[in-house]
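Data file: my_file.cif. Format and content: mmCIF, C-alpha atoms.
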```cif
data_run
#
loop_
_atom_site.label_atom_id
_atom_site.label_comp_id
_atom_site.auth_asym_id
_atom_site.auth_seq_id
_atom_site.Cartn_x
_atom_site.Cartn_y
_atom_site.Cartn_z
CA MET I 199 0.00 0.00 0.00
CA LYS I 200 1.24 3.45 -0.90
CA VAL I 201 0.24 6.25 1.47
CA ILE I 202 0.87 9.95 0.91
CA ILE I 203 0.57 12.24 3.94
CA VAL I 204 0.11 15.92 3.18
CA GLY I 205 1.46 17.90 6.12
CA ALA I 206 4.34 17.19 8.51
CA GLY I 207 2.79 18.65 11.63
CA LEU I 208 1.63 16.79 14.70
CA GLY I 209 -1.11 14.84 12.91
CA GLY I 210 0.90 13.90 9.84
CA LEU I 211 4.00 12.72 11.70
CA SER I 212 2.08 10.79 14.36
CA THR I 213 0.04 9.08 11.62
CA ALA I 214 3.22 7.94 9.90
CA ILE I 215 4.47 6.51 13.21
CA ALA I 216 1.15 4.77 13.84
CA LEU I 217 0.96 3.28 10.33
CA ARG I 218 4.43 1.82 10.71
CA LYS I 219 3.57 0.33 14.10
CA TYR I 220 0.22 -1.27 13.28
CA LYS I 221 0.65 -2.38 9.66
CA PRO I 222 0.09 -6.12 9.07
CA ALA I 223 3.38 -7.98 8.72
CA SER I 224 2.33 -9.32 5.33
CA GLN I 225 1.43 -5.92 3.86
CA PRO I 226 4.12 -3.83 2.15
CA LEU I 227 3.81 -0.17 3.11
CA ALA I 228 5.35 2.91 1.49
CA ILE I 229 4.77 6.29 3.17
CA ASN I 230 5.61 9.62 1.56
CA ILE I 231 5.21 12.77 3.68
CA TYR I 232 5.10 16.18 1.99
CA ASP I 233 5.11 19.53 3.72
CA ASN I 234 5.32 23.07 2.38
CA THR I 235 6.82 24.62 5.52
CA ASP I 236 10.55 25.08 5.20
CA PRO I 237 12.36 23.84 8.32
CA GLU I 238 14.84 26.71 8.22
CA PRO I 239 13.69 30.34 7.94
CA GLY I 240 14.90 32.25 4.90
CA GLN I 241 15.08 29.29 2.52
CA ALA I 242 12.69 28.45 -0.28
CA ALA I 243 10.40 25.48 0.32
CA THR I 244 11.82 23.40 -2.50
CA GLU I 245 12.14 19.64 -2.63
CA HIS I 246 14.54 18.53 0.07
CA THR I 247 14.52 16.56 3.29
CA GLY I 248 15.28 17.89 6.72
CA PRO I 249 15.55 16.15 10.07
CA GLN I 250 14.23 18.98 12.20
CA VAL I 251 12.21 22.15 12.17
CA SER I 252 13.76 25.35 13.37
CA THR I 253 13.53 26.01 17.09
CA SER I 254 14.12 29.73 16.67
CA ARG I 255 10.42 30.31 17.45
CA LEU I 256 10.01 28.29 20.62
CA GLY I 257 7.02 30.38 21.62
CA ALA I 258 4.63 28.39 19.47
CA GLY I 259 3.46 26.42 22.50
CA LEU I 260 0.60 24.04 23.23
CA GLY I 261 -0.76 21.99 26.11
CA LEU I 262 -0.65 18.23 25.52
CA GLN I 263 -3.35 16.46 27.52
CA ALA I 264 -2.96 13.09 29.26
CA LYS I 265 -4.86 11.28 26.48
CA GLY I 266 -2.34 12.52 23.93
CA LEU I 267 0.52 11.20 26.03
CA HIS I 268 -1.27 7.86 26.36
CA VAL I 269 -1.41 7.57 22.57
CA LEU I 270 2.32 8.32 22.30
CA GLN I 271 2.98 5.65 24.93
CA ASP I 272 1.06 3.13 22.80
CA LEU I 273 2.89 4.14 19.64
CA ASP I 274 6.41 4.29 21.05
CA PRO I 275 7.30 4.38 24.77
CA ALA I 276 10.67 5.96 23.98
CA LEU I 277 8.91 8.73 22.06
CA ARG I 278 6.59 9.40 24.99
CA ARG I 279 9.58 9.64 27.34
CA ARG I 280 11.34 12.14 25.06
CA VAL I 281 8.24 14.28 24.74
CA TYR I 282 7.61 14.25 28.48
CA ALA I 283 11.21 15.21 29.22
CA THR I 284 11.01 18.05 26.69
CA GLY I 285 7.87 19.63 28.16
CA PHE I 286 6.91 21.11 31.53
CA PRO I 287 4.56 18.68 33.33
CA CYS I 288 1.76 20.51 35.14
CA THR I 289 -0.78 19.36 37.70
CA HIS I 290 -3.31 22.18 37.62
CA PHE I 291 -4.73 25.32 36.04
CA ALA I 292 -4.81 28.45 38.21
CA TRP I 293 -7.33 31.18 37.37
CA LYS I 294 -6.62 34.72 38.57
CA THR I 295 -8.00 38.21 38.18
CA ALA I 296 -6.07 41.03 36.56
CA GLY I 297 -5.43 42.19 40.13
CA ASN I 298 -3.69 38.85 40.82
CA TRP I 299 -6.43 37.49 43.09
CA LEU I 300 -6.86 33.72 42.89
CA LEU I 301 -10.28 32.65 41.61
CA GLY I 302 -9.61 28.94 41.81
CA ARG I 303 -7.50 25.97 40.81
CA GLU I 304 -8.53 22.84 39.01
CA TYR I 305 -6.70 19.58 38.51
CA ALA I 306 -5.17 19.12 35.07
CA ASP I 307 -2.76 16.48 33.85
CA VAL I 308 -1.25 18.54 31.04
CA LEU I 309 2.17 18.98 29.45
CA PRO I 310 2.94 22.47 28.10
CA ILE I 311 5.50 22.08 25.34
CA SER I 312 6.94 24.01 22.42
CA ARG I 313 5.30 22.87 19.18
CA PRO I 314 8.60 22.91 17.22
CA LEU I 315 10.27 20.77 19.88
CA LEU I 316 7.34 18.34 19.88
CA ILE I 317 7.56 18.06 16.10
CA ASN I 318 11.28 17.35 16.39
CA CYS I 319 10.54 14.51 18.85
CA LEU I 320 8.07 13.00 16.36
CA GLN I 321 10.51 13.29 13.47
CA GLU I 322 13.18 11.52 15.49
CA ALA I 323 10.83 8.53 15.77
CA LEU I 324 10.77 8.17 11.96
CA PRO I 325 13.55 7.15 9.58
CA PRO I 326 15.81 10.04 8.48
CA GLY I 327 14.55 11.85 5.41
CA SER I 328 10.93 10.81 5.91
CA VAL I 329 9.65 14.32 5.17
CA VAL I 330 10.05 15.95 1.77
CA TYR I 331 9.57 19.71 1.75
CA LYS I 332 7.63 20.64 -1.35
CA LYS I 333 4.14 22.04 -1.71
CA VAL I 334 1.14 19.95 -2.69
CA SER I 335 -1.03 22.16 -4.90
CA ARG I 336 -3.96 19.80 -5.44
CA VAL I 337 -5.30 16.34 -4.73
CA VAL I 338 -7.48 14.96 -7.52
CA VAL I 339 -10.20 12.79 -5.98
CA GLN I 340 -12.52 10.90 -8.34
CA GLN I 341 -15.00 8.13 -7.70
CA GLY I 342 -13.65 4.72 -8.62
CA LYS I 343 -10.08 5.97 -9.05
CA LYS I 344 -7.06 6.28 -6.82
CA PRO I 345 -6.29 9.82 -5.58
CA VAL I 346 -3.60 11.75 -7.43
CA VAL I 347 -1.33 14.30 -5.76
CA GLN I 348 -0.07 17.27 -7.77
CA PHE I 349 2.78 19.62 -6.82
CA GLU I 350 3.27 23.35 -7.13
CA ASP I 351 6.77 22.99 -8.60
CA GLY I 352 5.47 20.97 -11.57
CA SER I 353 7.17 17.73 -10.55
CA PRO I 354 5.42 14.51 -11.69
CA ASP I 355 2.05 13.66 -10.20
CA GLU I 356 1.90 10.82 -7.68
CA THR I 357 -0.89 8.28 -7.35
CA ALA I 358 -1.53 6.66 -3.97
CA ASP I 359 -3.82 4.08 -2.43
CA LEU I 360 -4.52 6.54 0.40
CA VAL I 361 -3.93 10.27 0.73
CA ILE I 362 -4.12 11.67 4.25
CA GLY I 363 -4.80 15.38 4.57
CA ALA I 364 -2.98 16.49 7.71
CA ASP I 365 -2.40 20.01 6.40
CA GLY I 366 -4.08 22.04 9.07
CA ILE I 367 -6.78 24.67 9.31
CA ARG I 368 -6.26 25.99 5.76
CA SER I 369 -6.17 22.49 4.32
CA THR I 370 -5.65 22.14 0.58
CA VAL I 371 -6.93 18.58 0.79
CA ARG I 372 -10.17 19.66 2.49
CA GLN I 373 -10.67 22.24 -0.25
CA ASP I 374 -10.25 19.53 -2.88
CA LEU I 375 -12.75 17.27 -1.12
CA PHE I 376 -15.46 19.85 -0.37
CA GLY I 377 -14.86 22.68 -2.84
CA ASP I 378 -15.52 26.37 -2.25
CA ASP I 379 -18.76 26.05 -0.28
CA ASP I 380 -18.56 28.60 2.56
CA LYS I 381 -20.09 26.22 5.07
CA TYR I 382 -16.95 24.08 4.92
CA GLN I 383 -14.45 26.93 5.22
CA PRO I 384 -12.53 27.85 8.40
CA GLN I 385 -14.38 30.27 10.66
CA TYR I 386 -12.66 33.10 12.50
CA THR I 387 -13.50 33.06 16.22
CA GLY I 388 -12.90 36.77 16.76
CA LEU I 389 -9.80 36.07 18.84
CA CYS I 390 -6.08 36.49 18.20
CA ALA I 391 -3.10 35.30 20.18
CA VAL I 392 0.48 36.45 20.63
CA GLY I 393 3.17 34.91 22.75
CA GLY I 394 6.73 33.80 23.11
CA VAL I 395 9.47 32.47 25.36
CA LEU I 396 11.59 34.60 27.67
CA ASP I 397 14.81 33.82 29.52
CA ILE I 398 13.38 34.53 32.96
CA PRO I 399 13.92 32.40 36.10
CA LEU I 400 10.67 30.63 36.84
CA PRO I 401 9.00 31.83 40.05
CA ALA I 402 9.26 29.58 43.08
CA HIS I 403 5.55 28.73 43.04
CA LEU I 404 5.83 27.32 39.48
CA LEU I 405 8.84 25.18 40.38
CA ARG I 406 7.27 24.00 43.60
CA ASN I 407 3.81 23.34 42.19
CA PRO I 408 3.93 23.37 38.37
CA GLY I 409 0.80 24.71 36.71
CA MET I 410 -0.56 26.84 33.89
CA ILE I 411 -1.50 30.31 35.14
CA PHE I 412 -4.37 32.19 33.47
CA LEU I 413 -5.06 35.83 34.34
CA ILE I 414 -8.33 37.26 33.04
CA GLY I 415 -9.27 40.92 32.81
CA SER I 416 -11.50 43.32 30.94
CA THR I 417 -9.16 43.41 27.93
CA GLY I 418 -8.26 39.77 27.46
CA VAL I 419 -6.39 36.79 28.89
CA PHE I 420 -2.71 36.54 29.79
CA GLY I 421 -1.14 33.20 30.61
CA TYR I 422 2.24 31.75 31.49
CA THR I 423 3.96 28.53 32.50
CA GLY I 424 7.34 26.85 32.17
CA LEU I 425 8.58 25.81 28.74
CA THR I 426 10.61 22.74 29.71
CA GLN I 427 11.56 20.93 32.88
CA ALA I 428 15.10 20.75 31.50
CA ASN I 429 15.61 24.50 31.97
CA PRO I 430 14.12 26.49 34.92
CA ASN I 431 14.92 29.74 33.13
CA LYS I 432 12.50 29.46 30.20
CA LEU I 433 9.07 31.03 30.60
CA LEU I 434 6.31 30.42 28.03
CA TYR I 435 3.73 33.23 27.89
CA TRP I 436 0.73 34.16 25.75
CA SER I 437 -1.99 36.77 25.39
CA VAL I 438 -5.42 36.12 23.85
CA TYR I 439 -7.71 39.01 22.98
CA GLU I 440 -10.67 40.00 20.84
CA THR I 441 -10.08 41.85 17.59
CA GLU I 442 -11.19 42.11 13.97
CA LEU I 443 -9.59 39.60 11.64
CA PRO I 444 -6.11 40.92 10.73
CA GLY I 445 -5.28 41.10 7.05
CA ARG I 446 -3.04 38.44 5.56
CA GLY I 447 0.24 39.48 4.05
CA PRO I 448 3.17 41.38 5.53
CA LYS I 449 3.73 40.99 9.26
CA LEU I 450 2.47 43.73 11.50
CA GLU I 451 5.04 46.15 12.77
CA HIS I 452 6.94 44.88 15.78
CA SER I 453 6.35 48.09 17.68
CA LYS I 454 2.60 48.02 17.03
CA ILE I 455 2.15 44.47 18.36
CA LEU I 456 4.17 45.30 21.47
CA ALA I 457 2.24 48.51 22.06
CA GLN I 458 -1.07 46.64 21.84
CA LEU I 459 0.17 43.95 24.24
CA ARG I 460 1.31 46.52 26.80
CA ALA I 461 -1.89 48.52 26.48
CA ARG I 462 -3.99 45.41 27.23
CA HIS I 463 -2.08 44.23 30.26
CA GLY I 464 0.04 47.17 31.43
CA GLY I 465 -1.94 47.77 34.62
CA TRP I 466 -2.16 44.14 35.69
CA ALA I 467 -0.76 43.30 39.11
CA ASP I 468 1.17 40.05 38.64
CA PRO I 469 4.90 40.94 38.73
CA LEU I 470 5.69 38.23 36.18
CA VAL I 471 3.22 39.73 33.71
CA ARG I 472 5.04 43.04 34.07
CA GLN I 473 8.38 41.35 33.40
CA CYS I 474 6.96 39.74 30.28
CA LEU I 475 5.64 43.07 29.00
CA ALA I 476 8.99 44.75 29.61
CA ARG I 477 11.00 42.07 27.82
CA ALA I 478 8.57 40.74 25.21
CA ASP I 479 9.83 40.38 21.65
CA LEU I 480 6.95 39.81 19.23
CA ASP I 481 6.77 40.00 15.45
CA ASN I 482 3.52 38.24 14.59
CA LEU I 483 0.04 37.41 15.80
CA TYR I 484 -2.09 34.35 15.28
CA PRO I 485 -5.81 34.55 14.44
CA VAL I 486 -7.80 31.71 15.96
CA PHE I 487 -9.96 29.71 13.51
CA VAL I 488 -12.17 26.66 13.90
CA THR I 489 -13.56 24.33 11.25
CA PRO I 490 -17.30 23.65 10.97
CA GLU I 491 -18.62 20.15 11.50
CA LEU I 492 -18.07 18.18 8.30
CA PRO I 493 -20.54 15.56 6.99
CA ALA I 494 -17.66 13.15 6.38
CA TRP I 495 -13.89 13.17 6.74
CA GLY I 496 -13.04 11.55 3.44
CA ARG I 497 -13.96 9.55 0.36
CA ASP I 498 -12.43 7.76 -2.62
CA GLY I 499 -9.06 7.07 -1.03
CA CYS I 500 -8.62 10.48 0.61
CA VAL I 501 -9.16 11.31 4.30
CA LEU I 502 -8.71 14.29 6.65
CA ILE I 503 -7.28 14.21 10.16
CA GLY I 504 -6.43 16.73 12.88
CA ASP I 505 -7.14 20.41 12.29
CA ALA I 506 -7.95 19.74 8.63
CA ALA I 507 -10.99 17.77 9.81
CA HIS I 508 -11.89 19.38 13.13
CA ALA I 509 -9.90 22.40 14.30
CA LEU I 510 -11.05 22.94 17.89
CA PRO I 511 -11.29 26.13 19.98
CA PRO I 512 -8.08 26.74 21.96
CA ARG I 513 -10.15 26.69 25.13
CA SER I 514 -10.60 22.93 24.67
CA GLY I 515 -6.85 22.38 25.11
CA GLN I 516 -7.29 19.26 22.98
CA GLY I 517 -6.01 20.08 19.48
CA ALA I 518 -2.77 18.10 19.68
CA SER I 519 -4.25 15.21 21.64
CA GLN I 520 -7.13 14.79 19.19
CA ALA I 521 -4.72 14.75 16.25
CA PHE I 522 -2.80 11.94 17.96
CA GLU I 523 -6.03 10.04 18.59
CA ASP I 524 -6.96 10.42 14.90
CA ALA I 525 -3.56 9.01 13.93
CA GLN I 526 -3.86 5.95 16.13
CA ALA I 527 -7.48 5.31 15.14
CA LEU I 528 -6.81 5.51 11.39
CA ALA I 529 -3.81 3.18 11.60
CA LEU I 530 -5.72 0.64 13.71
CA LEU I 531 -8.69 0.79 11.34
CA LEU I 532 -6.55 0.23 8.27
CA ALA I 533 -4.83 -2.75 9.90
CA GLY I 534 -8.09 -4.17 11.26
CA CYS I 535 -10.00 -3.78 8.00
CA ALA I 536 -7.13 -5.32 6.04
CA GLU I 537 -7.05 -8.30 8.38
CA ARG I 538 -10.81 -8.82 8.30
CA TYR I 539 -11.66 -8.00 4.69
CA GLY I 540 -8.36 -7.98 2.80
CA ALA I 541 -8.64 -11.54 1.52
CA GLU I 542 -12.04 -10.98 -0.08
CA GLU I 543 -12.15 -7.31 -1.03
CA PRO I 544 -9.92 -5.11 -3.21
CA GLU I 545 -7.59 -2.74 -1.41
CA ALA I 546 -9.69 0.30 -2.36
CA ALA I 547 -12.70 -1.19 -0.57
CA VAL I 548 -10.63 -1.87 2.54
CA VAL I 549 -9.38 1.73 2.53
CA ALA I 550 -12.95 2.98 2.12
CA ARG I 551 -14.04 0.98 5.18
CA ALA I 552 -11.23 2.51 7.23
CA ILE I 553 -12.12 6.05 6.11
CA ARG I 554 -15.77 5.55 7.09
CA GLY I 555 -14.67 4.00 10.34
CA LEU I 556 -12.52 6.97 11.27
CA HIS I 557 -15.48 9.32 11.01
CA GLU I 558 -17.81 6.94 12.85
CA THR I 559 -15.42 6.33 15.74
CA ARG I 560 -14.03 9.85 16.12
CA ALA I 561 -16.56 12.47 15.00
CA ARG I 562 -18.87 12.23 18.00
CA ARG I 563 -15.93 12.55 20.39
CA VAL I 564 -14.42 15.66 18.82
CA GLU I 565 -17.81 17.32 18.43
CA GLY I 566 -18.46 16.71 22.12
CA ILE I 567 -15.16 18.38 22.97
CA ARG I 568 -16.02 21.30 20.67
CA ALA I 569 -19.47 21.72 22.25
CA GLU I 570 -18.01 21.73 25.75
CA ALA I 571 -15.43 24.35 24.78
CA LEU I 572 -18.11 26.57 23.21
CA ARG I 573 -20.57 26.20 26.09
CA TRP I 574 -19.22 29.35 27.74
CA LYS I 575 -19.26 32.21 25.29
CA ASP I 576 -16.43 34.72 25.29
CA PRO I 577 -17.68 38.14 26.49
CA LYS I 578 -17.27 41.16 24.28
CA MET I 579 -14.11 43.08 25.14
CA PRO I 580 -13.15 45.49 26.51
CA MET I 581 -15.66 44.96 29.32
CA SER I 582 -17.05 47.38 31.85
CA TRP I 583 -16.06 46.94 35.50
CA PHE I 584 -19.51 45.48 36.20
CA ARG I 585 -19.29 42.83 33.47
CA THR I 586 -15.74 42.04 34.54
CA ALA I 587 -16.96 41.45 38.10
CA VAL I 588 -19.78 39.21 36.84
CA MET I 589 -17.25 37.24 34.81
CA TYR I 590 -15.08 36.73 37.90
CA VAL I 591 -18.05 35.43 39.89
CA ALA I 592 -19.03 33.10 37.04
CA LEU I 593 -15.50 31.72 36.73
CA PHE I 594 -15.30 31.25 40.51
CA VAL I 595 -18.45 29.09 40.31
CA ILE I 596 -17.43 27.24 37.13
CA VAL I 597 -14.09 26.12 38.55
CA ARG I 598 -15.78 24.66 41.61
CA THR I 599 -18.51 23.03 39.54
CA ARG I 600 -15.91 21.30 37.42
CA ALA I 601 -14.14 20.09 40.55
CA ILE I 602 -17.37 18.57 41.83
CA ALA I 603 -18.05 16.94 38.45
CA ARG I 604 -14.58 15.42 38.51
CA MET I 605 -15.19 14.03 42.01
CA PHE I 606 -18.23 12.18 40.66
CA GLY I 607 -16.36 10.84 37.67
CA ARG I 608 -17.68 13.07 34.90
CA SER I 609 -14.66 13.08 32.59
CA ASP I 610 -13.38 11.47 29.40
CA ASN I 611 -10.84 9.29 31.16
CA THR I 612 -12.65 6.11 30.09
CA TRP I 613 -12.61 6.93 26.36
CA SER I 614 -10.18 4.69 24.48
CA VAL I 615 -9.12 4.74 20.83
CA LYS I 616 -8.43 1.02 20.87
CA GLU I 617 -11.80 0.19 22.41
CA GLU I 618 -13.75 2.36 19.97
CA VAL I 619 -11.96 0.79 17.00
CA ARG I 620 -12.53 -2.69 18.41
CA ARG I 621 -16.26 -1.99 18.67
CA TYR I 622 -16.40 -0.68 15.13
CA LEU I 623 -14.59 -3.68 13.69
CA ALA I 624 -16.79 -6.07 15.67
CA ARG I 625 -20.01 -4.85 14.02
#
```
Would you mind giving the structure from this file in structure tokens?
Amino acid sequence: MKVIIVGAGLGGLSTAIALRKYKPASQPLAINIYDNTDPEPGQAATEHTGPQVSTSRLGAGLGLQAKGLHVLQDLDPALRRRVYATGFPCTHFAWKTAGNWLLGREYADVLPISRPLLINCLQEALPPGSVVYKKVSRVVVQQGKKPVVQFEDGSPDETADLVIGADGIRSTVRQDLFGDDDKYQPQYTGLCAVGGVLDIPLPAHLLRNPGMIFLIGSTGVFGYTGLTQANPNKLLYWSVYETELPGRGPKLEHSKILAQLRARHGGWADPLVRQCLARADLDNLYPVFVTPELPAWGRDGCVLIGDAAHALPPRSGQGASQAFEDAQALALLLAGCAERYGAEEPEAAVVARAIRGLHETRARRVEGIRAEALRWKDPKMPMSWFRTAVMYVALFVIVRTRAIARMFGRSDNTWSVKEEVRRYLAR
């Protein structure tokens, strides 16, 4: 079987690892991974291989949930150990006011980690040269035929038994599957984020009791945590705020982004926030998009995973973990369908079963996570002092309600990729 993966981010790389792990011993497997993001800034994204992405922008951070780490443990225990050692294991979220008053803490088994460093860990689990850096311009998907991948540089088309679109929120593959219909296009949430990493000694309370700190005020959210347990002098910080959708094109002026950051949080009481504002070095901002619910995740030998299929609100904290779950589920489905139906059905039919199975086993879960994240609407900002006070009271209550729900076992800790796939294959 020949598989082409479009996108060498978290979903694409973890899928390649999962396919290699779960493939039937009797089935030959060739995996080609293409990505249009050059690993080194300043170079053209032409056809070449590279073992690592640049770590010059360590501030592109994320929080990897326990479920995501469980998937990595299943795929490769050594990979899970490397990832865990690279991140900053946390035990809780702390919610504070702009005046630095604690609203509450809630238990959280989460690993803040730099996205580039996480990608490097995943690449190290694959053979050298697994990723080819050239841009896929189109995937031709036709009923009854194998999908064909075309490239921007005019190099020869490639036909595959399965094309996996792991190319993110602005997915080319999703566009080729669903066309220009607006209801399938990414939707701007009204929020932008900026952030980075500073060489600042972590405060004693973070070293003693590691957590992710969220401060909320009338003008937005400011958060910080450690970047890696390997270095107590690396602070990861971010600011999320409401704004009109920025135009695409040239980066905003460095001074303008900094001025906006300092205007939003300049009067906030946490001393570490003030240090971040004084030393911040920003040159870009990141609009937050989500994808609408799709009627299917693939057809005719082509399937979407990760953000290409279901970009989630950042509030869910589940983007990376759900991409890893997609990867494991798809690989298990392909192996299970091949074992059960491979002797009596053509390979295209087996692939089609796996594509349907991915949507059936995963869509309800990710939509539940999306609905939970969207249950509490973001207030319009900037807020009046009265609305800010109401928000603080609401958050005070929400944190305690979640704690009570956790005490009575209302969580997703029982959800298992392997069990869901087993149930699907047993039908």
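From atom CA of Asp374 of chain I back to atom CA of Thr235 of chain I, the distance works out to 19.7 Å.
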Using all atoms listed in the file, tabulate the residues of segment 482-512 of chain I lying at most 8 Å from any atom of segment 539-560 of chain I, each with its closest atom pair and that distance in Å to one decimal, by chain and increasing residue number, as CSV.
```
residue,atom,partner,partner_atom,distance
I:Ala494,CA,I:His557,CA,6.4
I:Trp495,CA,I:His557,CA,6.0
I:Gly496,CA,I:Ile553,CA,6.2
I:Arg497,CA,I:Ala550,CA,6.9
I:Asp498,CA,I:Ala550,CA,6.8
I:Gly499,CA,I:Val549,CA,6.4
I:Cys500,CA,I:Ile553,CA,7.9
I:Val501,CA,I:Ile553,CA,6.3
```
What is the distance, in Å and to one decimal place, between atom CA of Leu528 of chain I and atom CA of Gly261 of chain I?
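Taking atom CA of Leu528 of chain I as the start and atom CA of Gly261 of chain I as the end point, the length is 22.9 Å.
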Nearest to Ala478 of chain I by atom-to-atom distance, counting all atoms listed in the file, from I:Ala529, I:Met410, I:Leu433, I:Val361:
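The answer is I:Leu433, which sits nearest to Ala478 of chain I.
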Given all atoms listed in the file as the counted atoms, nearest of I:Gln473, I:Thr357, I:Gln516, I:Gln526 to Arg563 of chain I
I:Gln516
What do you get, as a VMD selection string, if you spell out every residue that the PyMOL selection byres ((chain I and resi 586-600) around 12) selects here?
chain I and resid 290 to 306 412 to 418 570 573 to 585 601 to 609
I'd like the neighbourhood of Lys221 of chain I as a PyMOL selection string, where a residue qualifies if any of its atoms comes within 8 Å (using only C-alpha atoms), though same-chain residues fewer than 3 positions away should be ignored.
chain I and resi 217-218+225+227+529+532-533
Non-local contacts of Val392 of chain I (10 Å; all atoms listed in the file; under 3 positions in same chain excluded) as a ChimeraX atom specification:
/I:257-258,420,435-439,455-456,459,480-485
Between atom CA of Pro512 of chain I and atom CA of Gln427 of chain I, what distance in Å does the model show, to one decimal?
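Those two atoms sit 23.2 Å apart.
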Residues selected by the PyMOL selection byres ((chain I and resi 470) around 12), written as a VMD selection string:
chain I and resid 298 396 398 to 404 411 413 420 to 423 433 to 435 463 to 464 466 to 469 471 to 478
